[in-house]
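Structure data (TSV, C-alpha atoms and all ligand atoms) from run_26.tsv:
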```
chain	number	residue	atom	x	y	z
Q	1	MET	CA	65.42	28.73	-32.50
Q	2	GLU	CA	66.06	30.58	-29.26
Q	3	THR	CA	62.47	31.83	-29.00
Q	4	LEU	CA	61.09	28.36	-29.50
Q	5	LYS	CA	63.17	27.11	-26.57
Q	6	GLU	CA	62.00	30.04	-24.42
Q	7	GLN	CA	58.41	29.28	-25.33
Q	8	LEU	CA	58.89	25.66	-24.37
Q	9	LEU	CA	60.39	26.64	-21.02
Q	10	LEU	CA	57.48	29.00	-20.43
Q	11	LEU	CA	55.01	26.22	-21.23
Q	12	LYS	CA	56.86	23.89	-18.88
Q	13	ASP	CA	56.56	26.47	-16.07
Q	14	GLN	CA	52.87	26.80	-16.74
Q	15	LEU	CA	52.47	23.05	-16.71
Q	16	ILE	CA	54.18	22.82	-13.32
Q	17	THR	CA	51.92	25.56	-11.94
Q	18	TYR	CA	48.84	23.73	-13.20
Q	19	GLU	CA	50.03	20.46	-11.73
Q	20	ASN	CA	50.50	22.12	-8.33
Q	21	GLU	CA	47.03	23.61	-8.53
Q	22	LEU	CA	45.62	20.26	-9.53
Q	23	SER	CA	47.18	18.47	-6.58
Q	24	ALA	CA	45.94	21.21	-4.21
Q	25	CYS	CA	42.45	20.70	-5.63
Q	26	ARG	CA	42.75	16.94	-5.16
Q	27	ARG	CA	43.69	17.43	-1.50
Q	28	LYS	CA	40.71	19.75	-1.01
Q	29	THR	CA	38.41	17.28	-2.74
Q	30	SER	CA	39.49	14.47	-0.48
Q	31	ALA	CA	39.11	16.68	2.62
Q	32	LEU	CA	35.60	17.60	1.44
Q	33	ALA	CA	34.74	13.95	0.82
Q	34	ASP	CA	35.83	13.18	4.40
Q	35	MET	CA	33.70	16.02	5.68
Q	36	ILE	CA	30.66	14.82	3.70
Q	37	CYS	CA	31.17	11.35	5.12
Q	38	HIS	CA	31.37	12.77	8.65
Q	39	LEU	CA	28.25	14.92	8.12
Q	40	GLU	CA	26.35	11.96	6.71
Q	41	SER	CA	27.08	9.92	9.82
Q	42	GLN	CA	26.03	12.88	11.97
Q	43	ILE	CA	22.77	13.15	10.03
Q	44	GLN	CA	22.25	9.44	10.57
Q	45	SER	CA	22.71	9.68	14.32
Q	46	LEU	CA	20.47	12.77	14.48
Q	47	LYS	CA	17.80	10.84	12.59
Q	48	LEU	CA	18.03	8.04	15.15
Q	49	GLU	CA	17.87	10.54	18.00
Q	50	ASN	CA	14.86	12.22	16.39
Q	51	CYS	CA	13.17	8.87	15.98
Q	52	ALA	CA	13.74	8.01	19.65
Q	53	LEU	CA	12.41	11.42	20.73
Q	54	ASN	CA	9.34	11.03	18.53
Q	55	GLU	CA	8.64	7.69	20.14
Q	56	LYS	CA	8.95	9.32	23.54
Q	57	ILE	CA	6.53	12.10	22.51
Q	58	GLU	CA	4.19	9.45	21.15
Q	59	SER	CA	4.27	7.56	24.45
Q	60	PHE	CA	3.50	10.78	26.35
Q	61	HIS	CA	0.59	11.42	24.03
Q	62	ASN	CA	-0.73	7.96	24.58
Q	63	ALA	CA	-0.38	9.02	28.18
Q	64	ASN	CA	0.09	6.01	30.32
Q	65	PRO	CA	3.31	7.24	31.87
Q	66	HIS	CA	2.30	5.88	35.28
Q	67	GLY	CA	1.88	2.34	34.01
Q	68	HIS	CA	-1.82	1.91	34.75
Q	69	ARG	CA	-3.07	-1.55	33.92
Q	70	CYS	CA	-6.01	-2.74	31.85
Q	71	ARG	CA	-8.83	-3.87	34.15
Q	72	HIS	CA	-9.52	-6.79	31.83
Q	73	CYS	CA	-6.18	-8.27	30.79
Q	74	GLY	CA	-3.63	-6.39	32.89
Q	75	SER	CA	-1.77	-4.91	29.92
Q	76	THR	CA	-0.06	-1.55	30.32
Q	77	LYS	CA	-0.49	-0.73	26.63
Q	78	LEU	CA	-3.25	1.72	27.31
Q	79	LYS	CA	-4.23	4.66	25.20
Q	80	ARG	CA	-5.90	7.57	26.91
Q	81	ILE	CA	-9.15	8.44	25.16
Q	82	GLY	CA	-10.60	10.96	27.56
Q	83	GLY	CA	-11.44	11.87	31.10
Q	84	GLU	CA	-13.89	13.70	33.29
Q	85	PRO	CA	-13.89	14.93	36.88
Q	86	HIS	CA	-14.90	12.27	39.35
Q	87	LYS	CA	-18.62	12.51	40.20
Q	88	ILE	CA	-18.02	12.93	43.92
Q	89	PHE	CA	-14.37	13.85	44.36
Q	90	GLY	CA	-13.91	15.91	41.17
Q	91	ASP	CA	-13.43	19.08	43.22
Q	92	MET	CA	-10.46	17.46	44.92
Q	93	GLY	CA	-8.62	16.82	41.67
Q	94	ILE	CA	-9.84	13.25	41.23
Q	95	VAL	CA	-10.41	12.39	37.58
Q	96	ASP	CA	-12.00	9.38	35.94
Q	97	THR	CA	-9.73	8.69	32.99
Q	98	PHE	CA	-10.82	6.47	30.13
Q	99	PHE	CA	-8.32	4.22	28.45
Q	100	THR	CA	-8.55	1.82	25.57
Q	101	CYS	CA	-6.42	-1.30	25.87
Q	102	MET	CA	-4.22	-1.85	22.81
Q	103	ASP	CA	-4.10	-5.59	23.60
Q	104	CYS	CA	-7.72	-6.59	24.30
Q	105	GLU	CA	-9.33	-3.40	22.92
Q	106	LYS	CA	-11.61	-3.08	25.93
Q	107	GLU	CA	-12.10	0.16	27.82
Q	108	SER	CA	-10.91	0.77	31.34
Q	109	VAL	CA	-11.89	3.66	33.58
Q	110	ILE	CA	-9.13	4.49	35.98
Q	111	THR	CA	-9.56	6.99	38.78
Q	112	ILE	CA	-6.55	9.24	39.03
Q	113	ASP	CA	-5.66	11.89	41.56
Q	114	ILE	CA	-4.10	14.54	39.31
Q	115	LEU	CA	-2.81	16.50	42.29
Q	116	LYS	CA	-0.52	13.68	43.31
Q	201	ZN	ZN	-6.70	-5.29	28.06
```
This entry written out as structure tokens:
Amino acid sequence: METLKEQLLLLKDQLITYENELSACRRKTSALADMICHLESQIQSLKLENCALNEKIESFHNANPHGHRCRHCGSTKLKRIGGEPHKIFGDMGIVDTFFTCMDCEKESVITIDILK
């Protein structure tokens, strides 16, 4: 009879230990869930930042950072398609730059002083 009681007490102790471990695990789980949530929002804002930077890179590639205007419709949505040194002033850093207009799709040649 005595040993049965001892065994029960022992089991009760074990149960309490397990319950403590379980509640510690629950706390950790909820801290981890918070962290995941935080990281997800960081990822989201990094994605947005990345997207904005890519757009910036894209606009540099399209290369109309100086806001040249289409000779036909006046749009600034120009895409650089090439360039060559100016026939007369090429030696002085003057370049004829060819742009395609994204609005009217016509070509414009704009003379640019690259040394400026
Ligand atoms: Zn145009």
*Return as a VMD selection string every polymer residue, whether protein, DNA or RNA, with at least one atom no more than 7 Å from an atom of ligand ZN 201 (chain Q); count all atoms listed in the file.*
chain Q and resid 70 to 75 101 to 106
*Within 6 Å of Phe99 in chain Q using only C-alpha atoms, minus same-chain residues under 6 positions, as a list of chain:residue names*: Q:Leu78, Q:Lys79, Q:Arg80, Q:Ile81, Q:Glu107, Q:Ser108
Report, as lines of an AutoDock Vina configuration file, the centre and edge lengths in Å (one decimal) of the axis-aligned box enclosing every listed atom of range 2-15 of chain Q, padded by 8 Å on each side.
```
center_x = 59.3
center_y = 27.4
center_z = -22.8
size_x = 29.6
size_y = 24.8
size_z = 29.4
```
*CA of Gln42 in chain Q and CA of Arg26 in chain Q, how far apart in Å?*
24.3 Å
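For Ile112 in chain Q, the list of residues within 10 Å, based on all atoms listed in the file and with local chain neighbours fewer than 5 positions off taken out, reads Q:His68, Q:Gly83, Q:Pro85, Q:His86, Q:Gly93, Q:Ile94, Q:Val95, Q:Asp96, Q:Thr97.
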_Distance of CA of Lys77 in chain Q from CA of Ala52 in chain Q, expressed in Å to one decimal place_ = 18.1 Å
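Straight-line separation from CA of Met35 in chain Q to CA of Asn54 in chain Q: 28.0 Å.
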Complete the atoms of range 28-61 of chain Q to N, CA and C atoms and put them out as a PDB file, in the frame of the given file.
```pdb
ATOM      1  N   LYS Q  28      41.962  19.149  -1.493  1.00  0.00           N
ATOM      2  CA  LYS Q  28      40.710  19.750  -1.010  1.00  0.00           C
ATOM      3  C   LYS Q  28      39.529  18.802  -1.238  1.00  0.00           C
ATOM      4  N   THR Q  29      39.508  18.198  -2.418  1.00  0.00           N
ATOM      5  CA  THR Q  29      38.410  17.280  -2.740  1.00  0.00           C
ATOM      6  C   THR Q  29      38.344  16.143  -1.729  1.00  0.00           C
ATOM      7  N   SER Q  30      39.529  15.609  -1.398  1.00  0.00           N
ATOM      8  CA  SER Q  30      39.490  14.470  -0.480  1.00  0.00           C
ATOM      9  C   SER Q  30      39.108  14.916   0.928  1.00  0.00           C
ATOM     10  N   ALA Q  31      39.540  16.156   1.315  1.00  0.00           N
ATOM     11  CA  ALA Q  31      39.110  16.680   2.620  1.00  0.00           C
ATOM     12  C   ALA Q  31      37.591  16.881   2.641  1.00  0.00           C
ATOM     13  N   LEU Q  32      37.053  17.397   1.516  1.00  0.00           N
ATOM     14  CA  LEU Q  32      35.600  17.600   1.440  1.00  0.00           C
ATOM     15  C   LEU Q  32      34.851  16.272   1.481  1.00  0.00           C
ATOM     16  N   ALA Q  33      35.399  15.265   0.803  1.00  0.00           N
ATOM     17  CA  ALA Q  33      34.740  13.950   0.820  1.00  0.00           C
ATOM     18  C   ALA Q  33      34.700  13.401   2.248  1.00  0.00           C
ATOM     19  N   ASP Q  34      35.809  13.606   2.998  1.00  0.00           N
ATOM     20  CA  ASP Q  34      35.830  13.180   4.400  1.00  0.00           C
ATOM     21  C   ASP Q  34      34.755  13.897   5.200  1.00  0.00           C
ATOM     22  N   MET Q  35      34.666  15.227   4.938  1.00  0.00           N
ATOM     23  CA  MET Q  35      33.700  16.020   5.680  1.00  0.00           C
ATOM     24  C   MET Q  35      32.265  15.559   5.381  1.00  0.00           C
ATOM     25  N   ILE Q  36      31.996  15.291   4.093  1.00  0.00           N
ATOM     26  CA  ILE Q  36      30.660  14.820   3.700  1.00  0.00           C
ATOM     27  C   ILE Q  36      30.343  13.512   4.424  1.00  0.00           C
ATOM     28  N   CYS Q  37      31.340  12.638   4.456  1.00  0.00           N
ATOM     29  CA  CYS Q  37      31.170  11.350   5.120  1.00  0.00           C
ATOM     30  C   CYS Q  37      30.827  11.554   6.599  1.00  0.00           C
ATOM     31  N   HIS Q  38      31.584  12.453   7.241  1.00  0.00           N
ATOM     32  CA  HIS Q  38      31.370  12.770   8.650  1.00  0.00           C
ATOM     33  C   HIS Q  38      29.967  13.341   8.862  1.00  0.00           C
ATOM     34  N   LEU Q  39      29.574  14.299   7.995  1.00  0.00           N
ATOM     35  CA  LEU Q  39      28.250  14.920   8.120  1.00  0.00           C
ATOM     36  C   LEU Q  39      27.141  13.892   7.907  1.00  0.00           C
ATOM     37  N   GLU Q  40      27.368  12.982   6.948  1.00  0.00           N
ATOM     38  CA  GLU Q  40      26.350  11.960   6.710  1.00  0.00           C
ATOM     39  C   GLU Q  40      26.137  11.085   7.945  1.00  0.00           C
ATOM     40  N   SER Q  41      27.253  10.762   8.629  1.00  0.00           N
ATOM     41  CA  SER Q  41      27.080   9.920   9.820  1.00  0.00           C
ATOM     42  C   SER Q  41      26.423  10.718  10.944  1.00  0.00           C
ATOM     43  N   GLN Q  42      26.721  12.040  10.976  1.00  0.00           N
ATOM     44  CA  GLN Q  42      26.030  12.880  11.970  1.00  0.00           C
ATOM     45  C   GLN Q  42      24.532  12.938  11.694  1.00  0.00           C
ATOM     46  N   ILE Q  43      24.187  13.109  10.416  1.00  0.00           N
ATOM     47  CA  ILE Q  43      22.770  13.150  10.030  1.00  0.00           C
ATOM     48  C   ILE Q  43      22.094  11.851  10.459  1.00  0.00           C
ATOM     49  N   GLN Q  44      22.800  10.747  10.215  1.00  0.00           N
ATOM     50  CA  GLN Q  44      22.250   9.440  10.570  1.00  0.00           C
ATOM     51  C   GLN Q  44      21.958   9.346  12.061  1.00  0.00           C
ATOM     52  N   SER Q  45      22.929   9.814  12.879  1.00  0.00           N
ATOM     53  CA  SER Q  45      22.710   9.680  14.320  1.00  0.00           C
ATOM     54  C   SER Q  45      21.641  10.673  14.784  1.00  0.00           C
ATOM     55  N   LEU Q  46      21.551  11.842  14.135  1.00  0.00           N
ATOM     56  CA  LEU Q  46      20.470  12.770  14.480  1.00  0.00           C
ATOM     57  C   LEU Q  46      19.103  12.192  14.123  1.00  0.00           C
ATOM     58  N   LYS Q  47      19.053  11.480  12.981  1.00  0.00           N
ATOM     59  CA  LYS Q  47      17.800  10.840  12.590  1.00  0.00           C
ATOM     60  C   LYS Q  47      17.360   9.828  13.643  1.00  0.00           C
ATOM     61  N   LEU Q  48      18.338   9.035  14.118  1.00  0.00           N
ATOM     62  CA  LEU Q  48      18.030   8.040  15.150  1.00  0.00           C
ATOM     63  C   LEU Q  48      17.532   8.712  16.419  1.00  0.00           C
ATOM     64  N   GLU Q  49      18.242   9.809  16.798  1.00  0.00           N
ATOM     65  CA  GLU Q  49      17.870  10.540  18.000  1.00  0.00           C
ATOM     66  C   GLU Q  49      16.443  11.100  17.855  1.00  0.00           C
ATOM     67  N   ASN Q  50      16.180  11.666  16.686  1.00  0.00           N
ATOM     68  CA  ASN Q  50      14.860  12.220  16.390  1.00  0.00           C
ATOM     69  C   ASN Q  50      13.783  11.139  16.492  1.00  0.00           C
ATOM     70  N   CYS Q  51      14.108   9.986  15.953  1.00  0.00           N
ATOM     71  CA  CYS Q  51      13.170   8.870  15.980  1.00  0.00           C
ATOM     72  C   CYS Q  51      12.870   8.472  17.424  1.00  0.00           C
ATOM     73  N   ALA Q  52      13.922   8.385  18.244  1.00  0.00           N
ATOM     74  CA  ALA Q  52      13.740   8.010  19.650  1.00  0.00           C
ATOM     75  C   ALA Q  52      12.903   9.066  20.372  1.00  0.00           C
ATOM     76  N   LEU Q  53      13.183  10.351  20.090  1.00  0.00           N
ATOM     77  CA  LEU Q  53      12.410  11.420  20.730  1.00  0.00           C
ATOM     78  C   LEU Q  53      10.957  11.396  20.294  1.00  0.00           C
ATOM     79  N   ASN Q  54      10.725  11.123  19.003  1.00  0.00           N
ATOM     80  CA  ASN Q  54       9.340  11.030  18.530  1.00  0.00           C
ATOM     81  C   ASN Q  54       8.584   9.914  19.220  1.00  0.00           C
ATOM     82  N   GLU Q  55       9.284   8.796  19.420  1.00  0.00           N
ATOM     83  CA  GLU Q  55       8.640   7.690  20.140  1.00  0.00           C
ATOM     84  C   GLU Q  55       8.279   8.091  21.554  1.00  0.00           C
ATOM     85  N   LYS Q  56       9.195   8.857  22.183  1.00  0.00           N
ATOM     86  CA  LYS Q  56       8.950   9.320  23.540  1.00  0.00           C
ATOM     87  C   LYS Q  56       7.724  10.234  23.560  1.00  0.00           C
ATOM     88  N   ILE Q  57       7.678  11.185  22.610  1.00  0.00           N
ATOM     89  CA  ILE Q  57       6.530  12.100  22.510  1.00  0.00           C
ATOM     90  C   ILE Q  57       5.249  11.287  22.328  1.00  0.00           C
ATOM     91  N   GLU Q  58       5.334  10.323  21.418  1.00  0.00           N
ATOM     92  CA  GLU Q  58       4.190   9.450  21.150  1.00  0.00           C
ATOM     93  C   GLU Q  58       3.710   8.775  22.433  1.00  0.00           C
ATOM     94  N   SER Q  59       4.671   8.273  23.233  1.00  0.00           N
ATOM     95  CA  SER Q  59       4.270   7.560  24.450  1.00  0.00           C
ATOM     96  C   SER Q  59       3.660   8.523  25.460  1.00  0.00           C
ATOM     97  N   PHE Q  60       4.123   9.803  25.455  1.00  0.00           N
ATOM     98  CA  PHE Q  60       3.500  10.780  26.350  1.00  0.00           C
ATOM     99  C   PHE Q  60       2.093  11.105  25.886  1.00  0.00           C
ATOM    100  N   HIS Q  61       1.919  11.139  24.560  1.00  0.00           N
ATOM    101  CA  HIS Q  61       0.590  11.420  24.030  1.00  0.00           C
ATOM    102  C   HIS Q  61      -0.378  10.296  24.355  1.00  0.00           C
TER     103      HIS Q  61
END
```
